[in-house]
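**Student:** Can you keep this structure in mind? I'll have questions shortly.
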Number of protein chains: 2
Amino acid sequence: MSDKLDRALQAIDERTYWSAYPEHPKAYGDDAPEEGEASFQALLGSEFETGQGHDGFTAVDEDSPFGIDLGITYPVTTIDQVIGDAGDAMSSWARVSPRERAETCVAILDALAEDSFTMAHAVMHTTGQSFLMAFQAGGPHALDRALEAVAYAFREQDRIPDPLRWEKPQGSRPPLVIDKEWIVRPRGVAVTIGVSTFPTWNGYPGIFASLATGNPVIIKPHQATVLPLALLVRTAREVLADRGHDPNAIQMIVDPAGERIAKDLVMRPEVGIVDYTGGSAFGTWLEQNVHHADVYTEKAGVNSVILDSVDDIGGVFKNLSVSMTMYSGQMCTTPQNLFVPESGIPSAEGVISYGDAVSGFVSAIDGLLGDDARASAVLGAVKGEATLARIDEAASLGNVLSESRVVANPDFPGATVRTPAIVEVDASDDAYTHEMFGPVIFVVKTSSREASVEHARDAAKKSGAITWLAYSTDHDATERIIDAAVDAGVGVAFNLTGGLFVNQSAAYSDFHVTGANAAGNASLTDSAFVANRFRVVGVRREPKA
Amino acid sequence: MSDKLDRALQAIDERTYWSAYPEHPKAYGDDAPEEGEASFQALLGSEFETGQGHDGFTAVDEDSPFGIDLGITYPVTTIDQVIGDAGDAMSSWARVSPRERAETCVAILDALAEDSFTMAHAVMHTTGQSFLMAFQAGGPHALDRALEAVAYAFREQDRIPDPLRWEKPQGSRPPLVIDKEWIVRPRGVAVTIGVSTFPTWNGYPGIFASLATGNPVIIKPHQATVLPLALLVRTAREVLADRGHDPNAIQMIVDPAGERIAKDLVMRPEVGIVDYTGGSAFGTWLEQNVHHADVYTEKAGVNSVILDSVDDIGGVFKNLSVSMTMYSGQMCTTPQNLFVPESGIPSAEGVISYGDAVSGFVSAIDGLLGDDARASAVLGAVKGEATLARIDEAASLGNVLSESRVVANPDFPGATVRTPAIVEVDASDDAYTHEMFGPVIFVVKTSSREASVEHARDAAKKSGAITWLAYSTDHDATERIIDAAVDAGVGVAFNLTGGLFVNQSAAYSDFHVTGANAAGNASLTDSAFVANRFRVVGVRREPKA
């Protein structure tokens, strides 16, 4: 067994810090940045071959928030074709040992790691992430989450014993003797519906969990963010073929420009698994309509910051100014709501009034984003017209504390960059209980510290939530917040004032999404995420007398 | 940790033979049989107290296939009441440690074991099982399956590490340091919808998996088989209270006579888990309509016997005559179809013609059931009018090889006992591809040994299947049958001629139902059966500087 898989198995048991793929760009060698950029540039305007059979190339609705012209066309295929090829691949891939499947997955991840700079550019220019975020979250962090899923999938299959003899005593009579073996079989064709903002980080876990358990995977990338998963498919197919496996164990099918094929694809009876990350509407449709396949979703939520009591408010604002603005709030873990009690916030230097707290918070964000170059590095660019439109919508919902402004990106004049709209609403308003994905921050005025917790809980129960960030120096308040978080099924972080931001979820340690509220029905990664992707058929034999 | 739980954890890893509760009635002491019978007799015609709050007692539609008058009335309660009390119980039961929850479950099982004779009579007289089957399958075997589920549930929760410090190196800067803990929380109120034939064996795994993971359980027994699960509820509540826990962690609600409340109960938003065993219609309704809760089903299937080639046909018929008739075919694992190639069956003594094979099979069954006393011991009694009606329906579907006859039970003159109808059909007929639950056997004439396998596969893919029993002395044929079984998601046993019957599924070793075809979406017991019954909320804290 590879050392990497072995070490990952240890990591998911211990959940202490570990990483298999370095997050520092410098770890990849001096030539890597230039080679990666050149390789990305060569893809622009090209016909992208994944290695699948196809009927020419099609334009798609892919666009770049940095305003560059991608112009990449992708292989034309049909649902019949990919489903048929996946079925053929399953008959051989299902018979590969779980160990070799896991090793093959690791080999794919290693090959992807070598191309981390190409992937960084691909993720950056399709999602709008800044280069460093695209490099880390799109590359090594995504690879770590993938390896974590492979480790879970391998561990679960590896628990099934080897063939054995079962002997049941029968008192004075001879025992019942039966030879038993257990055969792991995949569930069926696995479909991954990609997301536009974190296609690899959110896509890899399901893709690799399915592959590692013997299911052939068909990826339908988000129509506006195709390239990152196309790179995965090309690399994975090469590695599969190199190791003597059918490369059709992984395939891609794109929406032709203006068409949407996801519903037809997932409703095929051959499909046994659907993984989805994206908006709630389609995720809920999948949960309610796909009865013939297991459906794993990560949808949307209303994440909250609860300001209860603090030591040093300066450190709080510094941390919040980054976590609430990075990548323009386009992370599923970005806090949207800041709950501030009208009675103010106890601190080491006395009570900070509501007004001072709010103005301090707004100043911290305005300060961080005052300079266009630094703002560009923090904000990245806005992906999608719908997200842009929500800025204006939000401004109409309350008292605008800081207007969204247009930022000029020094490197990409066509980039769509906006600072967040910071809008004050009352806890009695409905506005903040809906997700407003993107650069929108609600400051919610509450009647008390206790009320803040209840409003955060209610919003999470209504609309789902993935993360809470709470600041409290009070033991009872901390316990109350934890109880509410457990009840609402939301992960909670306390008193972050340093270099960790609540948005960040560490592979092998943090469970991403609890699966216990409307933000998603699955968790990255736990046993439940992998254990149903394969089934076990028992074979019993009576030995010859 | 109790030795029993410890040993069960070992058993689920090893899957070799083990049992925690003796299946021999004599192991329970000389006085146990008489005491158990007296205790059962005392229940007849009584008002059954479960210990729950209630508003009087109601008659139900419970009946005895042995024709005795049960006349037991059960507590009247409402969906609002049990859901409310379950919610209250959850707030404390969820905080009990997984270890104490598991130990409490074991204590409940031990208390049930002490009353095994009472349970045996309760199961016998509600389900129609013979006394010995009711004792074993309703008592110790069910307790073993329950303990298996508790072990799985404990193991899965026990994997979550204790609180720890996570340190991420930051090159030359100080590491990021975060204190992490993970809190296990239940999914919600768990509802078990009971089955009329094996209420404890099929009900306990889901009930105890939910209890062990912190979910309060509400049991809605089958309207015609209430008493066995009522005994469970009473005993479990006593043990819970004795250990200082809220007894409302387990409750029962019955259908008042002529009413059906299951749909209203499961659609309550507080419900997070539904376990169901029973007919396909309601099981499929649950799978398609309950989106707010996890649904675990064991429905129906078309189990098959494939006669490919044999050493000794006599041993084959002897085994089949029991497995295809015991408890009148009312086991979800009973083979319904016997596939016989028209070209006959190769044996050690030459080819046995189709005609000889069929007449030998029919003679073996007729011989076994020729004597009323022995037939009664094998057949038990028929539960439910619908099952009785299927005998006549089956006879109309093909060539009747052996007519169903009325058997007089020497001990219970009012018992409903019928020998199976054995009906010959052609593989081109549709009849045998549907489940005909009860005393119905189809002999299916096929064009070849290979065709038998394909027909069994097609029937399983169409209607689901839990078990295949195959007889083959040929290596290639064996491989072909295994491939088809894996494809169809059906467990398969080969060449049973001794004391093991295909119907029997051993706790800690055999996975019951694969979850990979229409016979059910869950397997007793695997990780997938328990891992989604709880969720994990992560708590991260930045340590004070």
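Going by the structure tokens order, chains are called A, B, ..., each with residues numbered from 1, while ligands are numbered from 1 in the order shown.
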What are the residues of chain A lining chain B at 6 Å or less? Count only C-alpha atoms, and put the answer as a ChimeraX atom specification.
**Tutor:** /A:16-17,166-168,486,491-496,528,531-532,537-542
**Student:** Using DSSP on the backbone coordinates, identify all residues within region 178-364 of chain B classified as strand (DSSP E or B); present the result as a PyMOL selection string.
**Tutor:** chain B and resi 178-186+189-193+217-220+222+225+250-252+271-277+294-298+304-307+337-341+345+352
**Student:** Compile the contact shell of Asn399 (chain B) as an MDAnalysis selection string: residues with an atom at most 10 Å away, counting only C-alpha atoms, same-chain residues fewer than 3 positions apart removed.
**Tutor:** chainID B and resid 394:396 402 422:426 442:443
**Student:** Go ahead and write the residues just picked, all heavy atoms, as a PDB file, in the first residue's frame.
**Tutor:**
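The resulting file, part_11.pdb, is reproduced below:
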```pdb
ATOM      1  N   ALA B 394     -52.479 -18.253  -7.186  1.00  0.00           N
ATOM      2  CA  ALA B 394     -51.341 -18.946  -7.787  1.00  0.00           C
ATOM      3  C   ALA B 394     -51.802 -20.163  -8.577  1.00  0.00           C
ATOM      4  O   ALA B 394     -51.306 -20.445  -9.680  1.00  0.00           O
ATOM      5  CB  ALA B 394     -50.350 -19.367  -6.699  1.00  0.00           C
ATOM      6  N   ALA B 395     -52.776 -20.874  -8.022  1.00  0.00           N
ATOM      7  CA  ALA B 395     -53.240 -22.102  -8.682  1.00  0.00           C
ATOM      8  C   ALA B 395     -53.830 -21.806 -10.055  1.00  0.00           C
ATOM      9  O   ALA B 395     -53.836 -22.669 -10.947  1.00  0.00           O
ATOM     10  CB  ALA B 395     -54.263 -22.810  -7.793  1.00  0.00           C
ATOM     11  N   SER B 396     -54.288 -20.567 -10.233  1.00  0.00           N
ATOM     12  CA  SER B 396     -54.898 -20.210 -11.520  1.00  0.00           C
ATOM     13  C   SER B 396     -53.860 -19.811 -12.561  1.00  0.00           C
ATOM     14  O   SER B 396     -54.194 -19.554 -13.705  1.00  0.00           O
ATOM     15  CB  SER B 396     -55.879 -19.055 -11.306  1.00  0.00           C
ATOM     16  OG  SER B 396     -55.153 -17.857 -11.076  1.00  0.00           O
ATOM     17  N   SER B 402     -49.124 -29.754  -7.211  1.00  0.00           N
ATOM     18  CA  SER B 402     -49.580 -30.236  -5.916  1.00  0.00           C
ATOM     19  C   SER B 402     -50.532 -29.198  -5.358  1.00  0.00           C
ATOM     20  O   SER B 402     -50.183 -28.023  -5.243  1.00  0.00           O
ATOM     21  CB  SER B 402     -48.389 -30.454  -4.963  1.00  0.00           C
ATOM     22  OG  SER B 402     -48.831 -30.903  -3.702  1.00  0.00           O
ATOM     23  N   ILE B 422     -48.092 -25.990  -5.362  1.00  0.00           N
ATOM     24  CA  ILE B 422     -46.914 -26.066  -6.233  1.00  0.00           C
ATOM     25  C   ILE B 422     -47.410 -25.975  -7.667  1.00  0.00           C
ATOM     26  O   ILE B 422     -48.208 -26.806  -8.109  1.00  0.00           O
ATOM     27  CB  ILE B 422     -46.131 -27.375  -6.016  1.00  0.00           C
ATOM     28  CG1 ILE B 422     -45.820 -27.559  -4.514  1.00  0.00           C
ATOM     29  CG2 ILE B 422     -44.840 -27.370  -6.841  1.00  0.00           C
ATOM     30  CD1 ILE B 422     -45.041 -28.833  -4.192  1.00  0.00           C
ATOM     31  N   VAL B 423     -46.968 -24.949  -8.369  1.00  0.00           N
ATOM     32  CA  VAL B 423     -47.528 -24.617  -9.677  1.00  0.00           C
ATOM     33  C   VAL B 423     -46.414 -24.567 -10.710  1.00  0.00           C
ATOM     34  O   VAL B 423     -45.402 -23.890 -10.504  1.00  0.00           O
ATOM     35  CB  VAL B 423     -48.265 -23.254  -9.620  1.00  0.00           C
ATOM     36  CG1 VAL B 423     -48.894 -22.920 -10.963  1.00  0.00           C
ATOM     37  CG2 VAL B 423     -49.319 -23.258  -8.512  1.00  0.00           C
ATOM     38  N   GLU B 424     -46.611 -25.289 -11.796  1.00  0.00           N
ATOM     39  CA  GLU B 424     -45.617 -25.297 -12.878  1.00  0.00           C
ATOM     40  C   GLU B 424     -45.959 -24.212 -13.896  1.00  0.00           C
ATOM     41  O   GLU B 424     -47.104 -24.112 -14.340  1.00  0.00           O
ATOM     42  CB  GLU B 424     -45.618 -26.671 -13.565  1.00  0.00           C
ATOM     43  CG  GLU B 424     -44.615 -26.807 -14.686  1.00  0.00           C
ATOM     44  CD  GLU B 424     -44.806 -28.139 -15.435  1.00  0.00           C
ATOM     45  OE1 GLU B 424     -45.972 -28.520 -15.693  1.00  0.00           O
ATOM     46  OE2 GLU B 424     -43.797 -28.798 -15.729  1.00  0.00           O
ATOM     47  N   VAL B 425     -44.963 -23.401 -14.206  1.00  0.00           N
ATOM     48  CA  VAL B 425     -45.166 -22.380 -15.241  1.00  0.00           C
ATOM     49  C   VAL B 425     -43.982 -22.427 -16.200  1.00  0.00           C
ATOM     50  O   VAL B 425     -42.931 -23.003 -15.889  1.00  0.00           O
ATOM     51  CB  VAL B 425     -45.268 -20.957 -14.635  1.00  0.00           C
ATOM     52  CG1 VAL B 425     -46.489 -20.827 -13.737  1.00  0.00           C
ATOM     53  CG2 VAL B 425     -44.002 -20.600 -13.876  1.00  0.00           C
ATOM     54  N   ASP B 426     -44.170 -21.811 -17.345  1.00  0.00           N
ATOM     55  CA  ASP B 426     -43.076 -21.725 -18.305  1.00  0.00           C
ATOM     56  C   ASP B 426     -42.310 -20.431 -18.068  1.00  0.00           C
ATOM     57  O   ASP B 426     -42.867 -19.437 -17.600  1.00  0.00           O
ATOM     58  CB  ASP B 426     -43.641 -21.748 -19.730  1.00  0.00           C
ATOM     59  CG  ASP B 426     -42.513 -21.958 -20.731  1.00  0.00           C
ATOM     60  OD1 ASP B 426     -42.067 -23.108 -20.886  1.00  0.00           O
ATOM     61  OD2 ASP B 426     -42.056 -20.947 -21.317  1.00  0.00           O
ATOM     62  N   PHE B 442     -43.440 -21.836  -7.338  1.00  0.00           N
ATOM     63  CA  PHE B 442     -43.467 -21.984  -8.796  1.00  0.00           C
ATOM     64  C   PHE B 442     -42.310 -22.857  -9.246  1.00  0.00           C
ATOM     65  O   PHE B 442     -41.155 -22.589  -8.898  1.00  0.00           O
ATOM     66  CB  PHE B 442     -43.360 -20.625  -9.493  1.00  0.00           C
ATOM     67  CG  PHE B 442     -44.584 -19.766  -9.364  1.00  0.00           C
ATOM     68  CD1 PHE B 442     -44.560 -18.582  -8.641  1.00  0.00           C
ATOM     69  CD2 PHE B 442     -45.774 -20.140  -9.977  1.00  0.00           C
ATOM     70  CE1 PHE B 442     -45.688 -17.783  -8.524  1.00  0.00           C
ATOM     71  CE2 PHE B 442     -46.916 -19.345  -9.866  1.00  0.00           C
ATOM     72  CZ  PHE B 442     -46.869 -18.170  -9.134  1.00  0.00           C
ATOM     73  N   VAL B 443     -42.616 -23.895 -10.020  1.00  0.00           N
ATOM     74  CA  VAL B 443     -41.582 -24.637 -10.736  1.00  0.00           C
ATOM     75  C   VAL B 443     -41.539 -24.037 -12.136  1.00  0.00           C
ATOM     76  O   VAL B 443     -42.555 -24.047 -12.851  1.00  0.00           O
ATOM     77  CB  VAL B 443     -41.904 -26.137 -10.797  1.00  0.00           C
ATOM     78  CG1 VAL B 443     -40.909 -26.855 -11.690  1.00  0.00           C
ATOM     79  CG2 VAL B 443     -41.919 -26.734  -9.389  1.00  0.00           C
TER      80      VAL B 443
END
```
**Student:** When you draw a straight line from CA of Ser304 (chain A) to CA of Asn337 (chain A), how long is it in Å?
**Tutor:** 4.7 Å
**Student:** Taking only C-alpha atoms into account, name the residue in A:Gly464, A:Gly355, A:Pro22, A:Gly67 that is nearest to Asn409 (chain A).
**Tutor:**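 Smallest distance to Asn409 (chain A) is found for A:Gly67.
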**Student:** Take CA of Pro65 (chain B) and CA of Ser321 (chain B) and report the distance between them in Å, one decimal.
**Tutor:**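 CA of Ser321 (chain B) lies 22.4 Å from CA of Pro65 (chain B).
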**Student:** Excluding Ala451 (chain B) and residues on its chain fewer than 5 positions from it, collect all residues at most 10 Å away from it, counting only C-alpha atoms, and give them as a VMD selection string.
**Tutor:** chain B and resid 339 to 341 427 445 to 446 456 to 457
**Student:** Please identify all polymer residues within 12 Å of Val123 (chain B), counting only C-alpha atoms, omitting same-chain residues fewer than 2 positions from it, and present them as JSON, numbers by chain.
**Tutor:** {"B": [40, 62, 63, 64, 65, 66, 116, 117, 118, 119, 120, 121, 125, 126, 127, 128, 129, 130, 131, 132, 133, 134, 135, 136, 137, 138, 139, 142, 195, 196, 197, 198, 199, 200, 201, 224, 225, 226, 227, 228, 229, 230, 231, 232, 380, 381, 383]}
**Student:** Calculated over only C-alpha atoms, which of the candidates B:Ala507, B:Val453, B:Ala20, B:Val302 has the smallest distance to His434 (chain B)?
**Tutor:**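 Closest residue, counting only C-alpha atoms: B:Val302.
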**Student:** If you run DSSP on the backbone, which residues of region 38-195 of chain B are alpha helix (DSSP H), as a ChimeraX atom specification?
**Tutor:** /B:38-43,79-93,98-114,116-127,131-138,140-158
**Student:** Could you give me, as JSON, numbers by chain, the residues within 12 Å of Glu49 (chain B), counting only C-alpha atoms and dropping anything in the same chain fewer than 5 positions from it?
**Tutor:** {"B": [43, 54, 55, 56, 57, 58, 72, 73, 74, 75, 76, 227, 230, 231, 232, 233, 234, 235, 237, 238, 251, 252]}
